[in-house]
file model.txt (compact mmCIF, C-alpha atoms and all ligand atoms)
# COMPACT_ATOMS: atom_id res chain seq x y z
CA MET I 192 -27.57 -37.85 12.08
CA LYS I 193 -29.59 -34.75 11.66
CA LEU I 194 -27.65 -31.67 10.58
CA PRO I 195 -28.36 -28.48 12.54
CA ALA I 196 -30.72 -26.20 10.69
CA PRO I 197 -28.97 -23.44 8.72
CA PRO I 198 -29.12 -20.05 10.40
CA THR I 199 -31.88 -17.66 9.48
CA GLU I 200 -32.09 -13.94 9.96
CA LYS I 201 -33.69 -14.62 13.35
CA SER I 202 -30.59 -16.50 14.53
CA PHE I 203 -28.87 -13.17 15.20
CA PRO I 204 -30.87 -11.56 17.97
CA SER I 205 -28.69 -8.53 18.77
CA PRO I 206 -30.86 -5.40 18.49
CA LEU I 207 -27.88 -3.68 16.87
CA HIS I 208 -28.67 -5.46 13.60
CA HIS I 209 -31.12 -2.70 13.01
CA PRO I 210 -31.91 -0.35 10.13
CA ARG I 211 -31.28 2.69 12.34
CA VAL I 212 -27.74 1.47 13.02
CA ALA I 213 -27.24 0.66 9.35
CA THR I 214 -28.48 4.15 8.43
CA VAL I 215 -26.15 5.97 10.82
CA ILE I 216 -23.03 3.97 9.94
CA GLY I 217 -24.06 4.01 6.30
CA ARG I 218 -24.09 7.81 6.37
CA TRP I 219 -20.56 7.94 7.73
CA LEU I 220 -19.39 5.43 5.18
CA GLY I 221 -21.20 7.37 2.46
CA ILE I 222 -19.31 10.56 3.38
CA ALA I 223 -15.98 8.71 3.34
CA VAL I 224 -16.77 7.15 -0.05
CA ALA I 225 -17.86 10.49 -1.53
CA VAL I 226 -14.68 12.26 -0.39
CA CYS I 227 -12.57 9.37 -1.60
CA PHE I 228 -14.30 9.25 -4.99
CA LEU I 229 -14.08 12.98 -5.72
CA THR I 230 -10.46 13.35 -4.62
CA GLY I 231 -9.67 10.19 -6.58
CA LEU I 232 -11.25 11.61 -9.76
CA TYR I 233 -9.18 14.75 -9.31
CA SER I 234 -5.99 12.75 -8.98
CA HIS I 235 -6.84 10.48 -11.89
CA PHE I 236 -7.58 13.34 -14.27
CA GLN I 237 -4.44 15.19 -13.27
CA GLN I 238 -2.45 12.19 -14.40
CA ASP I 239 -4.57 11.04 -17.28
CA GLY I 240 -7.27 13.46 -18.30
CA PRO I 241 -8.79 14.50 -21.62
CA ALA I 242 -6.84 17.26 -23.36
CA TRP I 243 -9.59 19.87 -22.83
CA LEU I 244 -9.45 19.41 -19.07
CA GLN I 245 -6.82 21.84 -17.79
CA PHE I 246 -5.98 22.15 -14.12
CA PRO I 247 -4.71 25.32 -12.47
CA SER I 248 -1.21 25.32 -10.99
CA ARG I 249 -2.49 27.03 -7.83
CA PRO I 250 -3.15 26.75 -4.95
CA ALA I 251 0.30 25.20 -4.78
CA ASN I 252 -0.66 22.82 -1.97
CA LEU I 253 -4.04 21.75 -3.35
CA TYR I 254 -2.96 18.30 -4.53
CA ARG I 255 -1.25 17.69 -1.23
CA VAL I 256 -4.58 18.25 0.54
CA THR I 257 -6.78 16.33 -1.91
CA GLN I 258 -4.51 13.30 -2.08
CA GLY I 259 -4.00 13.31 1.68
CA LEU I 260 -7.80 13.30 2.01
CA HIS I 261 -8.10 10.55 -0.59
CA VAL I 262 -5.89 8.13 1.28
CA LEU I 263 -7.28 9.23 4.66
CA SER I 264 -10.92 8.72 3.65
CA GLY I 265 -10.09 5.36 2.07
CA THR I 266 -8.29 4.23 5.22
CA VAL I 267 -11.08 5.38 7.52
CA ALA I 268 -13.61 3.63 5.27
CA VAL I 269 -12.12 0.25 6.25
CA PRO I 270 -13.42 0.17 9.86
CA LEU I 271 -16.66 1.83 8.73
CA LEU I 272 -17.24 -0.80 6.05
CA LEU I 273 -16.54 -3.60 8.52
CA ALA I 274 -19.01 -2.11 11.01
CA LYS I 275 -21.63 -1.67 8.31
CA LEU I 276 -21.22 -5.26 7.14
CA TRP I 277 -21.48 -6.52 10.69
CA THR I 278 -24.71 -4.60 11.21
CA VAL I 279 -26.44 -6.01 8.16
CA TYR I 280 -24.93 -9.48 7.65
CA PRO I 281 -27.91 -11.38 9.18
CA LYS I 282 -29.85 -10.15 6.14
CA LEU I 283 -27.76 -12.54 4.06
CA PHE I 284 -29.53 -15.40 5.79
CA ALA I 285 -32.98 -14.12 4.94
CA LYS I 286 -34.78 -16.53 2.63
CA LEU I 287 -34.66 -15.47 -0.95
CA ASN I 288 -37.21 -16.64 -3.43
CA PRO I 289 -35.27 -17.02 -6.70
CA LYS I 290 -38.48 -16.27 -8.62
CA ALA I 291 -38.72 -12.85 -7.00
CA VAL I 292 -36.74 -10.94 -9.60
CA GLY I 293 -36.46 -7.59 -7.78
CA PRO I 294 -35.04 -8.92 -4.50
CA THR I 295 -32.69 -11.27 -6.38
CA ILE I 296 -31.28 -8.41 -8.41
CA GLU I 297 -30.93 -6.38 -5.25
CA ARG I 298 -29.02 -9.19 -3.54
CA LEU I 299 -26.72 -9.42 -6.57
CA SER I 300 -26.13 -5.67 -6.55
CA ILE I 301 -25.09 -5.94 -2.90
CA LEU I 302 -22.66 -8.68 -3.85
CA VAL I 303 -21.15 -6.39 -6.48
CA LEU I 304 -21.06 -3.46 -4.08
CA VAL I 305 -19.43 -5.29 -1.20
CA SER I 306 -16.90 -7.19 -3.25
CA SER I 307 -15.85 -4.19 -5.34
CA MET I 308 -15.53 -2.01 -2.24
CA ALA I 309 -13.50 -4.61 -0.38
CA LEU I 310 -11.24 -5.08 -3.40
CA GLU I 311 -10.89 -1.32 -3.96
CA LEU I 312 -9.87 -0.63 -0.38
CA PHE I 313 -7.54 -3.63 -0.35
CA ILE I 314 -5.62 -2.75 -3.52
CA GLY I 315 -5.59 0.93 -2.49
CA PHE I 316 -4.06 -0.04 0.83
CA LEU I 317 -1.46 -2.27 -0.83
CA ASN I 318 -0.63 0.66 -3.09
CA THR I 319 0.07 2.91 -0.11
CA VAL I 320 2.62 0.36 1.06
CA GLN I 321 4.03 0.20 -2.49
CA TRP I 322 3.26 -3.41 -3.05
CA TYR I 323 1.94 -4.33 -6.49
CA PRO I 324 1.51 -8.10 -6.42
CA TRP I 325 -1.06 -8.14 -9.22
CA PRO I 326 -0.54 -8.36 -12.98
CA PHE I 327 -3.00 -5.57 -13.85
CA PRO I 328 -2.25 -1.82 -13.98
CA PHE I 329 -3.17 -0.39 -10.60
CA ARG I 330 -4.51 3.03 -11.48
CA GLN I 331 -6.84 1.91 -14.30
CA THR I 332 -8.26 -0.90 -12.19
CA HIS I 333 -8.69 1.34 -9.15
CA TYR I 334 -10.46 3.87 -11.36
CA ALA I 335 -12.81 1.36 -13.01
CA LEU I 336 -13.73 -0.18 -9.67
CA ALA I 337 -14.55 3.29 -8.33
CA TRP I 338 -17.25 3.72 -10.98
CA ILE I 339 -18.64 0.25 -10.30
CA ILE I 340 -18.86 1.13 -6.61
CA VAL I 341 -20.59 4.43 -7.24
CA GLY I 342 -23.11 2.78 -9.59
CA ALA I 343 -23.85 -0.08 -7.19
CA LEU I 344 -24.07 2.36 -4.30
CA LEU I 345 -26.65 4.51 -6.08
CA VAL I 346 -28.76 1.41 -6.77
CA HIS I 347 -28.38 0.34 -3.14
CA VAL I 348 -29.40 3.74 -1.75
CA ALA I 349 -32.34 3.96 -4.16
CA VAL I 350 -33.62 0.52 -3.11
CA LYS I 351 -33.18 1.28 0.56
CA LEU I 352 -34.50 4.82 0.40
CA PRO I 353 -37.77 4.10 2.26
CA LEU I 354 -35.84 2.35 5.03
CA ILE I 355 -33.22 5.10 5.17
CA ARG I 356 -35.90 7.77 5.42
CA ALA I 357 -37.75 5.91 8.12
CA HIS I 358 -34.56 5.69 10.19
CA TRP I 359 -32.89 8.96 9.32
CA ARG I 360 -33.84 10.36 12.74
CA ARG I 361 -33.33 8.62 16.04
CA THR I 362 -35.89 5.92 16.76
CA PRO I 363 -36.66 4.33 20.14
CA GLU I 364 -34.39 1.43 20.98
CA LEU I 365 -34.77 -1.50 23.32
CA THR I 366 -33.33 -0.65 26.71
CA PRO I 367 -30.97 -3.23 28.25
CA GLU I 368 -33.76 -4.24 30.70
CA SER I 369 -36.24 -4.98 27.94
CA LEU I 370 -33.86 -7.17 25.93
CA PRO I 371 -34.41 -10.92 25.89
CA PRO I 372 -32.49 -12.42 28.83
CA ASP I 373 -29.88 -14.15 26.65
CA VAL I 374 -29.03 -10.96 24.77
CA THR I 375 -26.68 -8.47 26.35
CA GLY I 376 -24.16 -6.06 25.01
CA LEU I 377 -23.68 -2.62 23.64
CA THR I 378 -26.35 0.00 23.28
CA ARG I 379 -26.61 1.75 19.94
CA ARG I 380 -24.81 4.74 21.34
CA GLY I 381 -22.08 2.45 22.64
CA LEU I 382 -21.68 0.91 19.21
CA PHE I 383 -21.60 4.30 17.47
CA ARG I 384 -18.92 5.49 19.87
CA THR I 385 -16.89 2.35 19.33
CA VAL I 386 -17.08 2.61 15.55
CA ALA I 387 -16.43 6.36 15.49
CA GLY I 388 -13.55 5.83 17.90
CA ALA I 389 -12.04 3.09 15.77
CA ALA I 390 -12.35 5.22 12.62
CA THR I 391 -10.80 8.24 14.38
CA LEU I 392 -7.95 6.15 15.74
CA VAL I 393 -7.20 4.69 12.31
CA GLY I 394 -7.33 8.21 10.84
CA ILE I 395 -5.07 9.81 13.45
CA THR I 396 -2.49 7.06 13.28
CA SER I 397 -2.23 7.29 9.49
CA VAL I 398 -2.74 10.96 8.55
CA GLY I 399 0.71 11.86 9.90
CA GLN I 400 2.19 10.70 6.60
CA SER I 401 0.87 13.87 5.02
CA ALA I 402 0.38 16.07 8.12
CA PRO I 403 3.88 16.27 9.64
CA PRO I 404 2.72 17.42 13.13
CA LEU I 405 1.02 14.02 13.49
CA GLY I 406 4.05 12.20 12.08
CA PRO I 407 5.19 10.88 15.48
CA VAL I 408 1.91 8.98 16.06
CA ALA I 409 1.56 7.76 12.48
CA VAL I 410 2.13 4.11 13.37
CA LEU I 411 -0.20 2.95 10.59
CA ALA I 412 1.45 5.13 7.96
CA PRO I 413 3.88 3.29 5.73
CA ARG I 414 5.95 6.50 5.38
CA LYS I 415 7.16 9.14 7.80
CA PRO I 416 7.17 12.46 5.93
CA ASN I 417 10.54 13.61 7.26
CA VAL I 418 12.54 10.38 7.09
CA GLY I 419 14.89 10.20 4.12
CA PRO I 420 17.93 11.89 2.65
CA GLN I 421 17.72 15.70 3.01
CA GLY I 422 14.63 15.33 5.22
CA LEU I 423 12.41 14.00 2.42
CA PRO I 424 11.27 10.41 1.72
CA VAL I 425 12.40 8.71 -1.46
CA ASN I 426 9.81 6.84 -3.43
CA ARG I 427 12.05 5.24 -6.01
CA THR I 428 15.78 5.13 -5.41
CA ALA I 429 18.31 5.79 -8.14
CA GLU I 430 19.40 2.19 -7.83
CA ALA I 431 15.85 0.89 -8.36
CA ALA I 432 15.49 3.19 -11.37
CA GLY I 433 18.82 2.04 -12.81
CA VAL I 434 20.35 5.53 -12.61
CA THR I 435 23.98 5.64 -11.54
CA GLY I 436 24.93 9.31 -11.66
CA ILE I 437 26.63 11.45 -14.29
CA ASP I 438 30.03 11.85 -15.90
CA ALA I 439 31.83 14.86 -17.37
CA ASN I 440 29.94 14.46 -20.65
CA TRP I 441 26.55 15.05 -19.04
CA ARG I 442 24.45 17.76 -20.65
CA LEU I 443 20.93 19.03 -20.24
CA THR I 444 19.43 19.27 -23.71
CA ILE I 445 16.56 21.63 -24.46
CA VAL I 446 14.76 21.12 -27.74
CA GLY I 447 12.71 24.10 -28.85
CA PRO I 448 12.87 26.74 -31.55
CA ARG I 449 16.60 26.78 -30.64
CA GLN I 450 18.35 23.71 -29.35
CA LEU I 451 20.36 24.33 -26.19
CA SER I 452 22.77 22.25 -24.22
CA TYR I 453 24.11 22.98 -20.74
CA THR I 454 26.69 21.39 -18.50
CA LEU I 455 25.78 21.21 -14.83
CA ASP I 456 28.08 24.14 -14.06
CA GLU I 457 26.42 26.22 -16.75
CA LEU I 458 23.01 25.42 -15.28
CA ARG I 459 24.27 26.54 -11.88
CA ARG I 460 25.34 29.85 -13.39
CA LEU I 461 21.88 30.60 -14.84
CA PRO I 462 19.61 32.75 -12.60
CA GLN I 463 18.59 30.59 -9.62
CA ASN I 464 15.20 30.82 -7.95
CA ARG I 465 13.66 29.31 -4.85
CA SER I 466 10.29 27.59 -4.35
CA SER I 467 8.81 26.04 -1.25
CA LEU I 468 6.78 23.18 -2.63
CA PRO I 469 5.68 19.76 -1.42
CA ILE I 470 6.20 16.37 -2.93
CA ALA I 471 2.70 14.90 -2.66
CA CYS I 472 2.88 11.25 -3.56
CA VAL I 473 -0.24 9.53 -4.89
CA GLU I 474 0.39 6.90 -2.24
CA GLY I 475 -0.60 9.40 0.42
CA TRP I 476 2.60 10.72 1.97
CA SER I 477 3.62 14.29 1.38
CA GLN I 478 6.24 16.66 2.64
CA GLY I 479 7.08 20.29 1.98
CA ALA I 480 10.62 21.18 0.95
CA ARG I 481 12.75 24.13 -0.18
CA TRP I 482 13.94 23.86 -3.75
CA GLU I 483 16.41 25.93 -5.74
CA GLY I 484 17.05 25.89 -9.44
CA VAL I 485 16.21 27.41 -12.81
CA ARG I 486 12.67 28.43 -13.68
CA ILE I 487 11.24 26.44 -16.55
CA ARG I 488 9.81 29.61 -18.02
CA ASP I 489 13.30 31.15 -18.07
CA LEU I 490 14.55 28.12 -19.98
CA LEU I 491 11.65 28.47 -22.42
CA GLU I 492 12.62 32.05 -23.01
CA LEU I 493 16.27 31.12 -23.54
CA CYS I 494 15.36 28.65 -26.25
CA GLY I 495 13.03 31.10 -27.92
CA ALA I 496 9.75 29.37 -27.07
CA PRO I 497 6.64 31.27 -25.98
CA LYS I 498 6.10 31.44 -22.20
CA GLU I 499 2.92 29.44 -22.62
CA SER I 500 4.39 26.22 -23.99
CA ARG I 501 3.90 22.60 -23.16
CA VAL I 502 7.08 20.86 -22.12
CA ARG I 503 7.93 17.19 -22.26
CA VAL I 504 10.31 16.18 -19.51
CA VAL I 505 12.64 13.23 -20.10
CA SER I 506 14.54 11.41 -17.37
CA MET I 507 17.82 9.52 -17.61
CA GLU I 508 15.81 6.60 -16.24
CA LYS I 509 15.25 4.06 -19.01
CA GLY I 510 11.66 2.91 -19.39
CA GLY I 511 9.09 2.70 -16.61
CA PHE I 512 5.95 4.77 -16.13
CA TYR I 513 7.73 7.78 -14.63
CA ALA I 514 10.62 8.21 -17.05
CA THR I 515 8.79 11.05 -18.81
CA SER I 516 6.11 13.57 -17.92
CA GLU I 517 4.52 16.60 -19.47
CA LEU I 518 4.14 20.09 -18.04
CA PRO I 519 0.96 21.73 -19.39
CA GLU I 520 1.27 25.42 -20.37
CA GLU I 521 0.09 26.81 -17.06
CA PHE I 522 2.53 24.70 -15.06
CA ALA I 523 5.47 25.48 -17.34
CA ALA I 524 4.71 29.20 -17.10
CA ASP I 525 4.26 29.22 -13.32
CA PRO I 526 7.18 31.06 -11.66
CA LEU I 527 7.26 28.39 -8.93
CA THR I 528 8.01 25.59 -11.41
CA LEU I 529 11.72 24.79 -11.38
CA LEU I 530 14.29 22.55 -12.85
CA ALA I 531 15.58 22.05 -9.32
CA LEU I 532 19.30 21.56 -8.60
CA ARG I 533 19.19 21.95 -4.81
CA LEU I 534 16.94 20.73 -2.03
CA ASN I 535 16.70 21.99 1.56
CA GLY I 536 19.96 23.90 1.30
CA SER I 537 22.24 21.39 -0.41
CA GLU I 538 22.80 19.81 -3.79
CA LEU I 539 20.13 17.23 -4.77
CA ALA I 540 20.90 13.75 -3.48
CA LEU I 541 21.12 11.17 -6.25
CA ASP I 542 17.95 9.54 -4.86
CA HIS I 543 16.10 12.86 -5.13
CA GLY I 544 16.98 13.26 -8.79
CA PHE I 545 20.56 14.59 -9.05
CA PRO I 546 21.62 16.44 -11.09
CA ALA I 547 18.24 18.01 -11.96
CA ARG I 548 14.57 17.33 -11.37
CA ILE I 549 11.21 18.94 -11.95
CA ILE I 550 9.31 20.49 -9.10
CA ALA I 551 5.96 22.16 -9.84
CA PRO I 552 3.05 23.35 -7.70
CA ASN I 553 -0.23 21.42 -7.29
CA ARG I 554 0.92 18.21 -8.97
CA PRO I 555 1.01 14.50 -8.09
CA GLY I 556 4.45 13.29 -7.01
CA VAL I 557 4.55 10.89 -9.95
CA LEU I 558 4.84 13.88 -12.29
CA GLN I 559 7.79 15.47 -10.43
CA THR I 560 10.28 13.75 -12.70
CA LYS I 561 13.76 13.02 -11.32
CA TRP I 562 17.13 12.72 -13.11
CA VAL I 563 16.05 15.05 -15.93
CA HIS I 564 18.40 15.32 -18.91
CA ARG I 565 16.14 16.56 -21.67
CA LEU I 566 13.32 19.08 -22.06
CA GLU I 567 11.30 19.24 -25.25
CA VAL I 568 8.97 22.06 -26.17
CA VAL I 569 5.99 20.26 -27.66
CA GLY I 570 3.47 23.00 -28.29
N1 LIG Y 1 12.40 9.44 -13.19
C1 LIG Y 1 11.60 9.24 -12.13
N2 LIG Y 1 11.07 10.30 -11.49
C2 LIG Y 1 10.24 10.11 -10.42
C3 LIG Y 1 9.88 8.83 -9.98
C4 LIG Y 1 10.45 7.72 -10.67
O1 LIG Y 1 10.21 6.56 -10.35
N3 LIG Y 1 11.30 7.97 -11.74
N4 LIG Y 1 9.03 8.68 -8.92
C5 LIG Y 1 8.07 9.78 -8.73
C6 LIG Y 1 7.28 9.65 -7.52
S1 LIG Y 1 6.08 8.46 -7.51
C7 LIG Y 1 7.38 10.55 -6.48
S2 LIG Y 1 6.30 10.53 -5.20
C8 LIG Y 1 8.48 11.54 -6.44
C9 LIG Y 1 9.24 11.37 -5.15
O2 LIG Y 1 10.33 12.21 -5.11
P1 LIG Y 1 11.47 11.97 -4.03
O3 LIG Y 1 11.92 10.54 -4.15
O4 LIG Y 1 12.57 12.97 -4.32
O5 LIG Y 1 10.84 12.26 -2.70
O6 LIG Y 1 9.36 11.41 -7.53
C10 LIG Y 1 8.75 11.15 -8.77
N5 LIG Y 1 9.73 11.22 -9.81
MO MO Y 2 4.66 8.93 -5.82

call {"tool": "encode", "arguments": {"input": "model.txt", "output": "structure tokens"}}
result
Amino acid sequence: MKLPAPPTEKSFPSPLHHPRVATVIGRWLGIAVAVCFLTGLYSHFQQDGPAWLQFPSRPANLYRVTQGLHVLSGTVAVPLLLAKLWTVYPKLFAKLNPKAVGPTIERLSILVLVSSMALELFIGFLNTVQWYPWPFPFRQTHYALAWIIVGALLVHVAVKLPLIRAHWRRTPELTPESLPPDVTGLTRRGLFRTVAGAATLVGITSVGQSAPPLGPVAVLAPRKPNVGPQGLPVNRTAEAAGVTGIDANWRLTIVGPRQLSYTLDELRRLPQNRSSLPIACVEGWSQGARWEGVRIRDLLELCGAPKESRVRVVSMEKGGFYATSELPEEFAADPLTLLALRLNGSELALDHGFPARIIAPNRPGVLQTKWVHRLEVVG
């Protein structure tokens, strides 16, 4: 029996497998990737940057916007990537002469690009739904893949530059009447509208996790920004963190030039201040809230430390990535930064960090440490 011949590039006659289509969708995808990469770098360095790289504590909502954009651009990139792959996949069936070194390297670079992008978007998506089924650390892997993608993308664009330039502007397309009789379907414009529509739909139905007005239509968002105790989602419950509450012996300890120790009632009697600040989770949801508590800079003053001090924050949670965090000088000195005791008009719920938590402007949610029982002045 004779096997059917393997497909070749010519086996896919749709005129939409065309460099003009690849250029247009590639541009959209390129914008999404650039936004995602830059906002991702910002988030990464806020959590894990070199010591000389200091971020400002204002604008207070900046991280909320950048991380919202990060997850939004990554999500929108999924339909764009699928459309781009569909446009160009017949190229995979083009004959490749293994002796032709240039084209072989190019084909390999595309393999790296596509697989790293698919993996990046997939693990990023799983992260937004808080599922970590892999044995490797998420953030480091996500970060390394991002650089691989950017490198492979630059190679790809450089190789394709002549083609991209030739199709940057609109080129004539086959009209439906001039197509071969067995080929029917969308026009280019129809395809662009479909892809743009799909990307917009995906965006609108997920961005509500960080833009509360769109919360009601956020069917793709794993989180609703206003669902949770005290009108705020909980990322990690007290139970999951192994925190059970406090007894009469509980004290907040402050270690600085002077060592201080406060009961909860004593903390409540210190001057209380209010801040309206969001929790902006790295996973993409965010929500503004009203906090009340003691300014960190007031506590620094009480223990005799300079206003511009770095502060290590220690949670009652034992172990885990989020049990401690550090407030750089500018964040500790910012009058909005609180050791919060109250949220949206009532005492902190245990799941939100009772009896005391950190809330600071322009910071990833992971650094807004809950269940604080110790502050150490470290420099
Ligand atoms: N000790 C401790 N603090 C923590 C966490 C944690 O797991 N343990 N989770 C952080 C994360 S990832 C976020 S987004 C915020 C969420 O705060 P919320 O649960 O009060 O909304 O708390 C942060 N503080
Ligand atoms: Mo988070």

call {"tool": "atom_distance", "arguments": {"input": "model.txt", "atom1": "atom CA of I:Val557", "atom2": "atom C10 of ligand LIG 1 (chain Y)"}}
result
4.4 Å

call {"tool": "atom_distance", "arguments": {"input": "model.txt", "atom1": "atom CA of I:Leu273", "atom2": "atom CA of I:Pro353"}}
result
23.4 Å

call {"tool": "closest_atom_pairs", "arguments": {"input": "model.txt", "of": "chain I", "to": "ligand MO 2 (chain Y)", "cutoff": "8 Å", "atoms": "only C-alpha atoms and all ligand atoms", "output": "CSV"}}
result
residue,atom,partner,partner_atom,distance
I:Asn426,CA,Y:MO2,MO,6.1
I:Ala471,CA,Y:MO2,MO,7.0
I:Cys472,CA,Y:MO2,MO,3.7
I:Val473,CA,Y:MO2,MO,5.0
I:Glu474,CA,Y:MO2,MO,5.9
I:Pro555,CA,Y:MO2,MO,7.0
I:Gly556,CA,Y:MO2,MO,4.5
I:Val557,CA,Y:MO2,MO,4.6

call {"tool": "residues_near_ligand", "arguments": {"input": "model.txt", "ligand": "ligand LIG 1 (chain Y)", "cutoff": "8 Å", "atoms": "only C-alpha atoms and all ligand atoms", "output": "PyMOL selection string"}}
result
chain I and resi 423-428+432+470-474+505-508+511-515+542-544+548+555-563

call {"tool": "closest_residue", "arguments": {"input": "model.txt", "among": "I:Lys351, I:Gln421, I:Arg481, I:Leu532", "to": "I:Arg460", "atoms": "all atoms listed in the file"}}
result
I:Leu532

call {"tool": "atom_distance", "arguments": {"input": "model.txt", "atom1": "atom CA of I:Leu382", "atom2": "atom CA of I:Leu260"}}
result
25.3 Å

call {"tool": "closest_residue", "arguments": {"input": "model.txt", "among": "I:Phe545, I:Trp482, I:Trp325, I:Phe316", "to": "I:Leu455", "atoms": "all atoms listed in the file"}}
result
I:Phe545

call {"tool": "closest_residue", "arguments": {"input": "model.txt", "among": "I:Pro247, I:Pro195, I:Gly221, I:Gly381", "to": "I:Tyr233", "atoms": "all atoms listed in the file"}}
result
I:Pro247

call {"tool": "closest_residue", "arguments": {"input": "model.txt", "among": "I:Ser264, I:Ser500, I:Ser537, I:Gln478", "to": "I:Glu520", "atoms": "only C-alpha atoms"}}
result
I:Ser500

call {"tool": "residues_around", "arguments": {"input": "model.txt", "residues": "I:Thr396", "least_positions_apart": "6", "cutoff": "9 Å", "atoms": "all atoms listed in the file", "output": "ChimeraX atom specification"}}
result
/I:405-412

call {"tool": "closest_residue", "arguments": {"input": "model.txt", "among": "I:Ser477, I:Val446, I:Ala531, I:Ser516", "to": "I:Leu461", "atoms": "only C-alpha atoms"}}
result
I:Ala531

call {"tool": "residues_around", "arguments": {"input": "model.txt", "residues": "stretch 342-350 of chain I", "least_positions_apart": "2", "cutoff": "12 Å", "atoms": "all atoms listed in the file", "output": "ChimeraX atom specification"}}
result
/I:213-214,217-218,220-221,224-225,228,293-294,296-308,335-340,352-356

call {"tool": "write_last_selection", "arguments": {"input": "model.txt", "atoms": "C-alpha atoms", "output": "short mmCIF file (atom, residue, chain, number, x, y, z; two decimals), keeping the file's coordinate frame"}}
result
data_model
loop_
_atom_site.label_atom_id
_atom_site.label_comp_id
_atom_site.auth_asym_id
_atom_site.auth_seq_id
_atom_site.Cartn_x
_atom_site.Cartn_y
_atom_site.Cartn_z
CA ALA I 213 -27.24 0.66 9.35
CA THR I 214 -28.48 4.15 8.43
CA GLY I 217 -24.06 4.01 6.30
CA ARG I 218 -24.09 7.81 6.37
CA LEU I 220 -19.39 5.43 5.18
CA GLY I 221 -21.20 7.37 2.46
CA VAL I 224 -16.77 7.15 -0.05
CA ALA I 225 -17.86 10.49 -1.53
CA PHE I 228 -14.30 9.25 -4.99
CA GLY I 293 -36.46 -7.59 -7.78
CA PRO I 294 -35.04 -8.92 -4.50
CA ILE I 296 -31.28 -8.41 -8.41
CA GLU I 297 -30.93 -6.38 -5.25
CA ARG I 298 -29.02 -9.19 -3.54
CA LEU I 299 -26.72 -9.42 -6.57
CA SER I 300 -26.13 -5.67 -6.55
CA ILE I 301 -25.09 -5.94 -2.90
CA LEU I 302 -22.66 -8.68 -3.85
CA VAL I 303 -21.15 -6.39 -6.48
CA LEU I 304 -21.06 -3.46 -4.08
CA VAL I 305 -19.43 -5.29 -1.20
CA SER I 306 -16.90 -7.19 -3.25
CA SER I 307 -15.85 -4.19 -5.34
CA MET I 308 -15.53 -2.01 -2.24
CA ALA I 335 -12.81 1.36 -13.01
CA LEU I 336 -13.73 -0.18 -9.67
CA ALA I 337 -14.55 3.29 -8.33
CA TRP I 338 -17.25 3.72 -10.98
CA ILE I 339 -18.64 0.25 -10.30
CA ILE I 340 -18.86 1.13 -6.61
CA LEU I 352 -34.50 4.82 0.40
CA PRO I 353 -37.77 4.10 2.26
CA LEU I 354 -35.84 2.35 5.03
CA ILE I 355 -33.22 5.10 5.17
CA ARG I 356 -35.90 7.77 5.42
#

call {"tool": "residues_around", "arguments": {"input": "model.txt", "residues": "stretch 524-526 of chain I", "least_positions_apart": "4", "cutoff": "6 Å", "atoms": "all atoms listed in the file", "output": "list in words"}}
result
Arg488, Lys498 and Glu499 of chain I

call {"tool": "build_atoms", "arguments": {"input": "model.txt", "residues": "stretch 514-521 of chain I", "atoms": "N, CA, C and O atoms", "output": "PDB file, in the coordinates of the input"}}
result
ATOM      1  N   ALA I 514       9.408   7.730 -16.386  1.00  0.00           N
ATOM      2  CA  ALA I 514      10.620   8.210 -17.050  1.00  0.00           C
ATOM      3  C   ALA I 514      10.359   9.515 -17.816  1.00  0.00           C
ATOM      4  O   ALA I 514      11.293  10.265 -18.094  1.00  0.00           O
ATOM      5  N   THR I 515       9.111   9.777 -18.166  1.00  0.00           N
ATOM      6  CA  THR I 515       8.790  11.050 -18.810  1.00  0.00           C
ATOM      7  C   THR I 515       7.532  11.634 -18.190  1.00  0.00           C
ATOM      8  O   THR I 515       6.739  10.916 -17.574  1.00  0.00           O
ATOM      9  N   SER I 516       7.362  12.932 -18.334  1.00  0.00           N
ATOM     10  CA  SER I 516       6.110  13.570 -17.920  1.00  0.00           C
ATOM     11  C   SER I 516       5.930  14.797 -18.789  1.00  0.00           C
ATOM     12  O   SER I 516       6.819  15.152 -19.565  1.00  0.00           O
ATOM     13  N   GLU I 517       4.768  15.416 -18.659  1.00  0.00           N
ATOM     14  CA  GLU I 517       4.520  16.600 -19.470  1.00  0.00           C
ATOM     15  C   GLU I 517       4.027  17.733 -18.582  1.00  0.00           C
ATOM     16  O   GLU I 517       3.151  17.507 -17.734  1.00  0.00           O
ATOM     17  N   LEU I 518       4.602  18.906 -18.753  1.00  0.00           N
ATOM     18  CA  LEU I 518       4.140  20.090 -18.040  1.00  0.00           C
ATOM     19  C   LEU I 518       3.173  20.846 -18.953  1.00  0.00           C
ATOM     20  O   LEU I 518       3.590  21.348 -19.997  1.00  0.00           O
ATOM     21  N   PRO I 519       1.878  20.927 -18.596  1.00  0.00           N
ATOM     22  CA  PRO I 519       0.960  21.730 -19.390  1.00  0.00           C
ATOM     23  C   PRO I 519       1.380  23.213 -19.316  1.00  0.00           C
ATOM     24  O   PRO I 519       2.127  23.599 -18.409  1.00  0.00           O
ATOM     25  N   GLU I 520       0.858  24.012 -20.254  1.00  0.00           N
ATOM     26  CA  GLU I 520       1.270  25.420 -20.370  1.00  0.00           C
ATOM     27  C   GLU I 520       1.302  26.136 -19.024  1.00  0.00           C
ATOM     28  O   GLU I 520       2.276  26.777 -18.662  1.00  0.00           O
ATOM     29  N   GLU I 521       0.195  26.008 -18.272  1.00  0.00           N
ATOM     30  CA  GLU I 521       0.090  26.810 -17.060  1.00  0.00           C
ATOM     31  C   GLU I 521       1.166  26.435 -16.037  1.00  0.00           C
ATOM     32  O   GLU I 521       1.652  27.280 -15.282  1.00  0.00           O
TER      33      GLU I 521
END
